[in-house]
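Quick notes on the structure that follows.
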Amino acid sequence: MNESSFKSCPLCNENNSIECIGDIYGKWSRKYFTLLRCKVCFYAYLADPLICYNQIYNEDYYSGFGADPLVNYLHELENPRDSVRRFEWDGIIKILLDLVGSENSKRWLDYGCGNGCLVREGISRGWNTIGYDEGWITNMAQSRGIPILNKNELDNLENQFDIITAIEVFEHLVDPVSELKKIRKLIKKGGVLFFTTGNARPYHNNLLNWSYASIPEVHVGFFEPKTIATALEKAGFKPYWPGYLPGYSNIIKFKILKVMRYKHEPLWAKTMPWHVLSRLVDAYYGVTRHPVGIAI
Ligand SMILES: [Zn+2]
């Protein structure tokens with residue numbers, strides 16, 4: 001038993017449950033980070049995450065030249081119709097419609113909205129959408145008229161939203177439960193929290209080989225469906241598993257094209273049976289296995 005085994009879990013609070021998984025090398029920072037995991041809830045997290053956010057989440061990062069070379073948020077903001085990200089926006093909105101029935105009078109907050117493109121997409125389709133985030137790319141989005149709240153504005157709100165989305169946010173957080181508690185304060189009772197984050201379950205026995213865990217400067221926490229369910233319950237949500245909803249087809253299409261480093265939809269992708277392909281990918285990677293949170 002090594003020293004880390006005596007620590008208690010920062011997510012489920014179980015005592016003496018932490019094991020050391022190994023080290024991850026960060027190419028951007030050129031340093032090693034130690035990955036720990038709870039044996040009870042399977043929360044995996046970096047022992048020593050970087051917290052110099054202004055240096056990490058800067059213009060380079062949002063333009064695809066920073067710690068995560070697969071993202072280009074500036075391109076998406078400036079060329080939304082041209083970006084493969086539009087498949088993700090489309091899939092999310094389809095899923096929200098399945099979860100809440102219709103957009104009529106529903107207040108939707110996109111938490112950690114970054115470049116605000118999902119907010120803009122929601123508004124263009126008739127939703128009452130607003131974002132929350134701060135940083136260089138968020139300033140760019142606001143200068144284009146996308147409505148985004150800052151931290152101070154958000155702190156004054158309570159019990160306001162029917163829907164909160166958090167798209168690829170949780171893996172960036174050093175304290176996901178406290179962030180979920182903030183989200184719970186903002187959402188109305190019965191409201192729906194829909195989020196995406198990688199599913200660590202298929203990599204349970206080889207976490208260090210998971211590409212999602214290979215950018216430790218920005219991805220600092222990893223979740224299995226059980227981890228997420230535990231975190232949701234601690235924050236006042238009931239985990240709910242809607243299963244594979246049709247909108248996932250386009251979300252998975254986006255993820256595949258992104259990993260293949262396509263910025264624009266290639267010709268071959270227009271003729272692929274994505275509704276079939278996405279089911280196969282999902283069976284392997286478990287994209288849809290995470291629960292949704294219902295505020296209780
Ligand atoms: Zn735990």
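Ligands are numbered from 1 in the order shown, chains are lettered A, B, ... in the order of the structure tokens, and residues start at 1 in each chain.
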
Could you list, as a PyMOL selection string, every residue within 8 Å of range 274-290 of chain A, counting only C-alpha atoms and ignoring same-chain residues fewer than 6 positions away? chain A and resi 196+198-199+201-202+224-225+228-229+241+243-244+246+248-250+252-253

Only all heavy atoms, please: the residues just picked out, written as a short mmCIF file (atom, residue, chain, number, x, y, z; two decimals), in the first residue's frame.
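selection04.cif, freshly written:
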data_model
loop_
_atom_site.label_atom_id
_atom_site.label_comp_id
_atom_site.auth_asym_id
_atom_site.auth_seq_id
_atom_site.Cartn_x
_atom_site.Cartn_y
_atom_site.Cartn_z
N THR A 196 -21.91 16.30 -21.37
CA THR A 196 -21.07 15.26 -21.97
C THR A 196 -19.69 15.35 -21.32
O THR A 196 -19.21 16.44 -20.99
CB THR A 196 -20.92 15.42 -23.49
OG1 THR A 196 -20.25 16.65 -23.78
CG2 THR A 196 -22.27 15.41 -24.21
N GLY A 198 -16.04 12.41 -21.31
CA GLY A 198 -15.62 11.07 -21.72
C GLY A 198 -16.01 10.01 -20.70
O GLY A 198 -16.06 10.29 -19.50
N ASN A 199 -16.30 8.80 -21.18
CA ASN A 199 -16.60 7.68 -20.29
C ASN A 199 -15.33 6.86 -20.08
O ASN A 199 -14.82 6.24 -21.00
CB ASN A 199 -17.71 6.82 -20.91
CG ASN A 199 -18.09 5.65 -20.03
OD1 ASN A 199 -17.52 5.47 -18.94
ND2 ASN A 199 -19.04 4.85 -20.49
N ARG A 201 -15.03 4.18 -18.33
CA ARG A 201 -15.28 2.76 -18.04
C ARG A 201 -14.57 1.80 -19.03
O ARG A 201 -13.95 0.83 -18.59
CB ARG A 201 -16.79 2.50 -18.02
CG ARG A 201 -17.14 1.07 -17.60
CD ARG A 201 -16.74 0.84 -16.15
NE ARG A 201 -16.74 -0.57 -15.78
CZ ARG A 201 -16.25 -1.05 -14.64
NH1 ARG A 201 -15.73 -0.23 -13.76
NH2 ARG A 201 -16.27 -2.32 -14.38
N PRO A 202 -14.67 2.04 -20.35
CA PRO A 202 -14.01 1.10 -21.26
C PRO A 202 -12.49 1.05 -21.06
O PRO A 202 -11.85 0.12 -21.53
CB PRO A 202 -14.36 1.64 -22.66
CG PRO A 202 -15.58 2.47 -22.46
CD PRO A 202 -15.45 3.06 -21.08
N GLU A 224 -16.40 7.44 -14.63
CA GLU A 224 -17.19 6.32 -15.12
C GLU A 224 -18.66 6.67 -14.82
O GLU A 224 -18.92 7.58 -14.01
CB GLU A 224 -16.77 5.03 -14.42
CG GLU A 224 -15.30 4.72 -14.70
CD GLU A 224 -14.88 3.32 -14.32
OE1 GLU A 224 -15.75 2.50 -13.95
OE2 GLU A 224 -13.66 3.06 -14.41
N PRO A 225 -19.61 5.99 -15.42
CA PRO A 225 -21.02 6.32 -15.12
C PRO A 225 -21.33 6.28 -13.62
O PRO A 225 -22.08 7.12 -13.11
CB PRO A 225 -21.79 5.24 -15.90
CG PRO A 225 -20.90 4.94 -17.07
CD PRO A 225 -19.50 5.01 -16.53
N ILE A 228 -20.16 9.52 -12.00
CA ILE A 228 -21.08 10.63 -12.29
C ILE A 228 -22.35 10.50 -11.44
O ILE A 228 -22.83 11.49 -10.87
CB ILE A 228 -21.45 10.62 -13.80
CG1 ILE A 228 -20.24 11.05 -14.65
CG2 ILE A 228 -22.66 11.50 -14.07
CD1 ILE A 228 -19.89 12.52 -14.57
N ALA A 229 -22.87 9.28 -11.34
CA ALA A 229 -24.09 9.09 -10.54
C ALA A 229 -23.83 9.50 -9.09
O ALA A 229 -24.67 10.17 -8.47
CB ALA A 229 -24.54 7.63 -10.63
N TRP A 241 -31.04 7.55 -16.59
CA TRP A 241 -30.38 7.04 -17.78
C TRP A 241 -31.36 6.96 -18.95
O TRP A 241 -32.15 6.03 -19.03
CB TRP A 241 -29.81 5.64 -17.50
CG TRP A 241 -28.50 5.66 -16.77
CD1 TRP A 241 -27.26 5.65 -17.33
CD2 TRP A 241 -28.28 5.70 -15.36
NE1 TRP A 241 -26.29 5.69 -16.35
CE2 TRP A 241 -26.88 5.72 -15.13
CE3 TRP A 241 -29.13 5.73 -14.25
CZ2 TRP A 241 -26.32 5.76 -13.86
CZ3 TRP A 241 -28.57 5.78 -12.98
CH2 TRP A 241 -27.18 5.79 -12.79
N GLY A 243 -30.65 6.40 -21.99
CA GLY A 243 -30.21 5.47 -23.04
C GLY A 243 -29.84 6.21 -24.31
O GLY A 243 -29.61 7.42 -24.30
N TYR A 244 -29.81 5.46 -25.39
CA TYR A 244 -29.37 6.03 -26.67
C TYR A 244 -30.52 6.82 -27.28
O TYR A 244 -31.49 6.25 -27.76
CB TYR A 244 -28.91 4.91 -27.62
CG TYR A 244 -28.26 5.45 -28.86
CD1 TYR A 244 -26.88 5.45 -29.02
CD2 TYR A 244 -29.04 5.98 -29.90
CE1 TYR A 244 -26.29 5.96 -30.15
CE2 TYR A 244 -28.46 6.51 -31.03
CZ TYR A 244 -27.08 6.48 -31.15
OH TYR A 244 -26.50 7.00 -32.28
N PRO A 246 -31.82 9.56 -30.29
CA PRO A 246 -31.39 9.78 -31.69
C PRO A 246 -30.35 10.90 -31.87
O PRO A 246 -29.49 10.82 -32.75
CB PRO A 246 -32.70 10.11 -32.41
CG PRO A 246 -33.76 9.48 -31.58
CD PRO A 246 -33.28 9.52 -30.15
N TYR A 248 -27.80 11.49 -30.32
CA TYR A 248 -26.41 11.03 -30.12
C TYR A 248 -25.71 10.71 -31.43
O TYR A 248 -24.48 10.73 -31.51
CB TYR A 248 -26.37 9.82 -29.19
CG TYR A 248 -26.36 10.20 -27.73
CD1 TYR A 248 -27.43 9.89 -26.91
CD2 TYR A 248 -25.27 10.85 -27.18
CE1 TYR A 248 -27.42 10.25 -25.56
CE2 TYR A 248 -25.24 11.21 -25.85
CZ TYR A 248 -26.32 10.91 -25.04
OH TYR A 248 -26.30 11.26 -23.72
N SER A 249 -26.50 10.38 -32.46
CA SER A 249 -25.91 10.04 -33.75
C SER A 249 -25.02 11.19 -34.25
O SER A 249 -23.88 10.98 -34.67
CB SER A 249 -27.03 9.73 -34.74
OG SER A 249 -26.51 9.60 -36.02
N ASN A 250 -25.55 12.42 -34.16
CA ASN A 250 -24.77 13.57 -34.64
C ASN A 250 -23.65 13.96 -33.68
O ASN A 250 -22.60 14.45 -34.11
CB ASN A 250 -25.69 14.76 -34.89
CG ASN A 250 -26.04 14.88 -36.36
OD1 ASN A 250 -25.48 14.18 -37.21
ND2 ASN A 250 -26.98 15.76 -36.69
N ILE A 252 -21.88 11.83 -31.91
CA ILE A 252 -20.81 10.86 -32.16
C ILE A 252 -20.17 11.12 -33.52
O ILE A 252 -18.94 11.01 -33.67
CB ILE A 252 -21.35 9.42 -32.01
CG1 ILE A 252 -21.70 9.18 -30.53
CG2 ILE A 252 -20.35 8.40 -32.52
CD1 ILE A 252 -22.44 7.89 -30.24
N LYS A 253 -20.99 11.51 -34.51
CA LYS A 253 -20.42 11.89 -35.81
C LYS A 253 -19.40 13.01 -35.63
O LYS A 253 -18.28 12.94 -36.16
CB LYS A 253 -21.54 12.36 -36.75
CG LYS A 253 -21.05 12.90 -38.08
CD LYS A 253 -22.22 13.32 -38.97
CE LYS A 253 -21.72 13.90 -40.29
NZ LYS A 253 -22.84 14.28 -41.18
#

Close residues to ligand 1 using only C-alpha atoms and all ligand atoms, limit 10 Å, as a ChimeraX atom specification: /A:8-18,37-44,226-227,230-231

What is the CA of Arg85 in chain A to CA of Phe65 in chain A distance in Å? 17.8 Å

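Counting only C-alpha atoms, the residue from A:Ile167, A:Ala213, A:Ile251, A:Ile93 that sits nearest to Asp68 in chain A is A:Ala213.
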
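Of the listed residues A:Ile51, A:Leu96, A:Leu118, A:Leu70, the one whose atoms come nearest to Ile215 in chain A is A:Leu70, with distances taken using only C-alpha atoms.
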
Residue nearest Gln160 in chain A among A:Val192, A:Leu109, A:Val177, A:Leu208 (counting only C-alpha atoms): A:Leu109

From the set A:Arg125, A:Arg86, A:Lys238, A:Arg107, which residue has the shortest atom-to-atom contact distance to Ala295 in chain A, counting only C-alpha atoms? A:Lys238
